[in-house]
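Peer 1: Input: one structure, supplied below.
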Amino acid sequence: MHRTIHSFHTFRPRDVTTVILSLAKIIRQIRSQIQHQHHRKEMDVPHQAFRNILLLDGDNNEQHLQPNHELFKIFSEEVNRNLSDYDPRCLSNVMYAHAIMEYGENPLLTNETSCLIDNIAHAAIHQMHKFETQGISNTLWSFAKLNKGQSLLFQCMGDYMTDSLESLREFKPQELSNILWAYATLHEYHGGFFEKAVDAILELDYLHRCKPQELSNVLWSYATVQHVDPNLFHSIGDHIVSLDDTLDTFNSQCISNIVLAYAKANIHHPALFNKIAKCIGLRDGLKHFNSQSIANILWAYASLAESNTEMFHAIGDTICNQQRDKLLLYYFKPQELSNTVWSFATANVRHVPLFENVGRVVVERGGDLIADFKPQELANIVWAYATAEMQCHDVFRKIGDSVLTSNQLKLFNAQELSNTVWAYATANMHHPGLFQRIGDDIVGRDGIIGTFKPQELSSTVWSYAKANISHPKLFTCVGNAIVGLDNLEAFKPQELVNTVWAYASL
């Protein structure tokens with residue numbers, strides 16, 4: 001191996017590329033073995049030999065194996081030295097190699113490799129008219145996989161595919177979906193390309209050639225860049241509905257991303273959501289769904305008001321029907337906990353064990369909640385408990401104390417402040433210190449009162465009156481804001497009634 005490396009400069013570009021790509025695939029195979037809990041003694045001899053050469057332990061942890069940066073530094077130097085001799089296929093394969101071995105995530109990424117990635121982008125621009133469809137797809141996908149933004153490359157490639165290619169029919173479903181995914185992942189929106197891609201996707205047999213992951217990627221990409229084409233979403237939804245009843249070929253991430261895409265795009269497709277809800281109920285205890293997939297599915301159904309009480313209860317039962325030390329909720333991230341209870345409350349599904357268990361997880365978290373939860377997540381949690389009429393005193397006390405003792409209240413926006421006091425007032429949770437602190441913040445923070453919408457102004461003063469907490473400066477501040485409005489037409493009748501009642505009550 002070492003003799004081969006030192007003679008690398010005698011290799012032709014195609015040979016250099018073959019070596020780099022082959023080693024990258026070996027690295028991927030070794031990592032796959034480790035992820036499947038195959039220890040070193042179980043690893044076959046060839047892979048063990050390559051492991052010692054190609055990979056380094058990160059923090060002495062086999063789960064964090066990183067490519068040997070000294071070795072790949074030599075490769076980078078060689079490719080950089082003769083980059084002008086590399087054709088599109090070579091350029092694409094070098095990028096693909098770095099992507100599949102996740103070298104971009106290596107904290108020891110060398111300057112040579114980083115420079116190489118930038119140089120490949122420039123070289124690809126100059127040779128883009130020579131790229132085949134697979135080369136375009138692999139190149140753009142690789143940059144996205146490595147999270148290496150190259151705006152000029154994506155713009156030029158988008159222009160080329162939109163203006164120079166007669167159509168996108170030559171792209172295979174996987175190629176086209178990977179390109180769309182790459183643009184969306186790096187937030188490199190190209191309207192012309194996304195519009196042209198719709199025509200290719202809606203071709204007569206295109207959807208029938210798509211695998212579940214490709215359908216999921218297409219929907220997720222269009223929703224992420226906010227290119228909402230109702231015909232596209234409805235056509236894909238109709239296609240999925242026409243498939244077998246169990247959707248066995250759709251894994252949990254596909255299902256999660258599909259419903260999440262419809263929710264983000266605000267596209268309703270009742271037949272699709274009913275079918276997916278039925279399929280979720282048929283799966284064995286949702287054991288293949290991770291916390292993110294579960295939270296995203298619940299959020300999507302609640303956001304689109306696609307209420308499916310049976311599915312919500314099935315998910316709630318699955319989450320709660322576990323031993324305390326193995327409770328799935330302990331693996332939920334703060335946003336996932338927040339989205340879960342918000343979804344149940346919004347869908348009007350009062351699953352008592354779920355709320356109790358989420359509350360226990362929140363209360364048992366050590367330290368300051370503000371350090372882990374964002375303001376929106378805390379506000380949504382108390383809003384959900386109040387909306388669901390769940391009297392979980394420990395949750396309200398824990399969150400209230402955390403907000404009260406933190407200096408991060410300035411991070412709460414108008415809606416979060418309003419929802420927080422509304423939740424405590426509605427749930428009859430007494431916490432005068434929290435109300436005083438929030439009132440002081442609204443009065444004292446420059447410009448914040450101007451960001452309150454009429455509903456939030458009304459809700460805020462109603463909450464203080466409902467909780468029987470006096471804050472004259474806050475009421476004066478809100479009153480001045482209301483008087484300063486051009487008219488009161490933005491207030492709904494009930495909001496005006498609540499506002500007048502609040503001022504009359506105090």
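Letters for chains follow the order of the structure tokens (A, B, ...), residue numbers begin at 1 for each chain, and ligand numbers begin at 1 in the order shown.
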Mind checking which residues fall within 7 Å of segment 132-145 of chain A, counting only C-alpha atoms, ignoring those fewer than 6 positions away in the same chain, and posting them as a PyMOL selection string?
Peer 2: chain A and resi 88-89+92+95-96+99+171+175-176+178-179+182+185-186
Peer 1: Write out as a list in words the residues lying within 10 Å of Gln391 of chain A, counting only C-alpha atoms and excluding same-chain residues fewer than 2 positions away.
Peer 2: Phe355, Glu356, Tyr385, Ala386, Ala388, Glu389, His393, Asp394, Val395, Phe396, Ala427, Asn428 and Met429 of chain A
Peer 1: Restrict the selected residues to N, CA, C and O atoms and save them as an mmCIF file, in the first residue's frame.
Peer 2:
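For reference, selection.cif as written:
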data_model
loop_
_atom_site.group_PDB
_atom_site.id
_atom_site.type_symbol
_atom_site.label_atom_id
_atom_site.label_comp_id
_atom_site.auth_asym_id
_atom_site.auth_seq_id
_atom_site.Cartn_x
_atom_site.Cartn_y
_atom_site.Cartn_z
ATOM 1 N N PHE A 355 -49.497 12.632 28.249
ATOM 2 C CA PHE A 355 -49.198 13.923 28.875
ATOM 3 C C PHE A 355 -48.499 13.730 30.218
ATOM 4 O O PHE A 355 -47.577 14.478 30.561
ATOM 5 N N GLU A 356 -48.923 12.729 30.967
ATOM 6 C CA GLU A 356 -48.290 12.485 32.266
ATOM 7 C C GLU A 356 -46.836 12.061 32.104
ATOM 8 O O GLU A 356 -45.957 12.511 32.856
ATOM 9 N N TYR A 385 -50.623 21.737 27.499
ATOM 10 C CA TYR A 385 -51.207 21.220 28.743
ATOM 11 C C TYR A 385 -52.455 22.010 29.117
ATOM 12 O O TYR A 385 -53.440 21.435 29.598
ATOM 13 N N ALA A 386 -52.426 23.312 28.887
ATOM 14 C CA ALA A 386 -53.604 24.117 29.191
ATOM 15 C C ALA A 386 -54.751 23.791 28.239
ATOM 16 O O ALA A 386 -55.910 23.655 28.649
ATOM 17 N N ALA A 388 -55.258 21.014 26.592
ATOM 18 C CA ALA A 388 -55.756 19.658 26.842
ATOM 19 C C ALA A 388 -56.349 19.509 28.237
ATOM 20 O O ALA A 388 -56.783 18.412 28.607
ATOM 21 N N GLU A 389 -56.368 20.597 28.994
ATOM 22 C CA GLU A 389 -56.907 20.600 30.357
ATOM 23 C C GLU A 389 -56.217 19.555 31.227
ATOM 24 O O GLU A 389 -56.854 18.809 31.982
ATOM 25 N N HIS A 393 -49.235 20.114 37.685
ATOM 26 C CA HIS A 393 -48.656 21.233 38.412
ATOM 27 C C HIS A 393 -47.136 21.249 38.337
ATOM 28 O O HIS A 393 -46.516 22.324 38.237
ATOM 29 N N ASP A 394 -46.527 20.087 38.386
ATOM 30 C CA ASP A 394 -45.066 20.035 38.391
ATOM 31 C C ASP A 394 -44.478 20.574 37.088
ATOM 32 O O ASP A 394 -43.420 21.211 37.090
ATOM 33 N N VAL A 395 -45.154 20.331 35.979
ATOM 34 C CA VAL A 395 -44.670 20.825 34.685
ATOM 35 C C VAL A 395 -44.719 22.349 34.659
ATOM 36 O O VAL A 395 -43.733 23.015 34.283
ATOM 37 N N PHE A 396 -45.843 22.906 35.064
ATOM 38 C CA PHE A 396 -45.978 24.367 35.057
ATOM 39 C C PHE A 396 -44.992 25.006 36.033
ATOM 40 O O PHE A 396 -44.407 26.053 35.734
ATOM 41 N N ALA A 427 -55.035 27.415 32.715
ATOM 42 C CA ALA A 427 -54.905 26.207 33.532
ATOM 43 C C ALA A 427 -55.026 26.507 35.026
ATOM 44 O O ALA A 427 -54.920 25.599 35.858
ATOM 45 N N ASN A 428 -55.246 27.791 35.362
ATOM 46 C CA ASN A 428 -55.331 28.205 36.765
ATOM 47 C C ASN A 428 -54.082 27.813 37.557
ATOM 48 O O ASN A 428 -54.170 27.347 38.703
ATOM 49 N N MET A 429 -52.938 27.988 36.911
ATOM 50 C CA MET A 429 -51.660 27.708 37.550
ATOM 51 C C MET A 429 -51.084 29.019 38.084
ATOM 52 O O MET A 429 -50.684 29.891 37.310
#
Peer 1: DSSP on the backbone: which residues in segment 134-348 of chain A end up as helix (DSSP H, G or I)? Give the answer as a PyMOL selection string.
Peer 2: chain A and resi 134-145+151-164+173-185+191-201+206-209+212-224+230-241+252-265+270-282+291-303+309-320+324-326+328-331+334-346
Peer 1: Between atom CA of Glu170 of chain A and atom CA of Leu153 of chain A, measure the distance and give it in Å to one decimal.
Peer 2: 20.9 Å
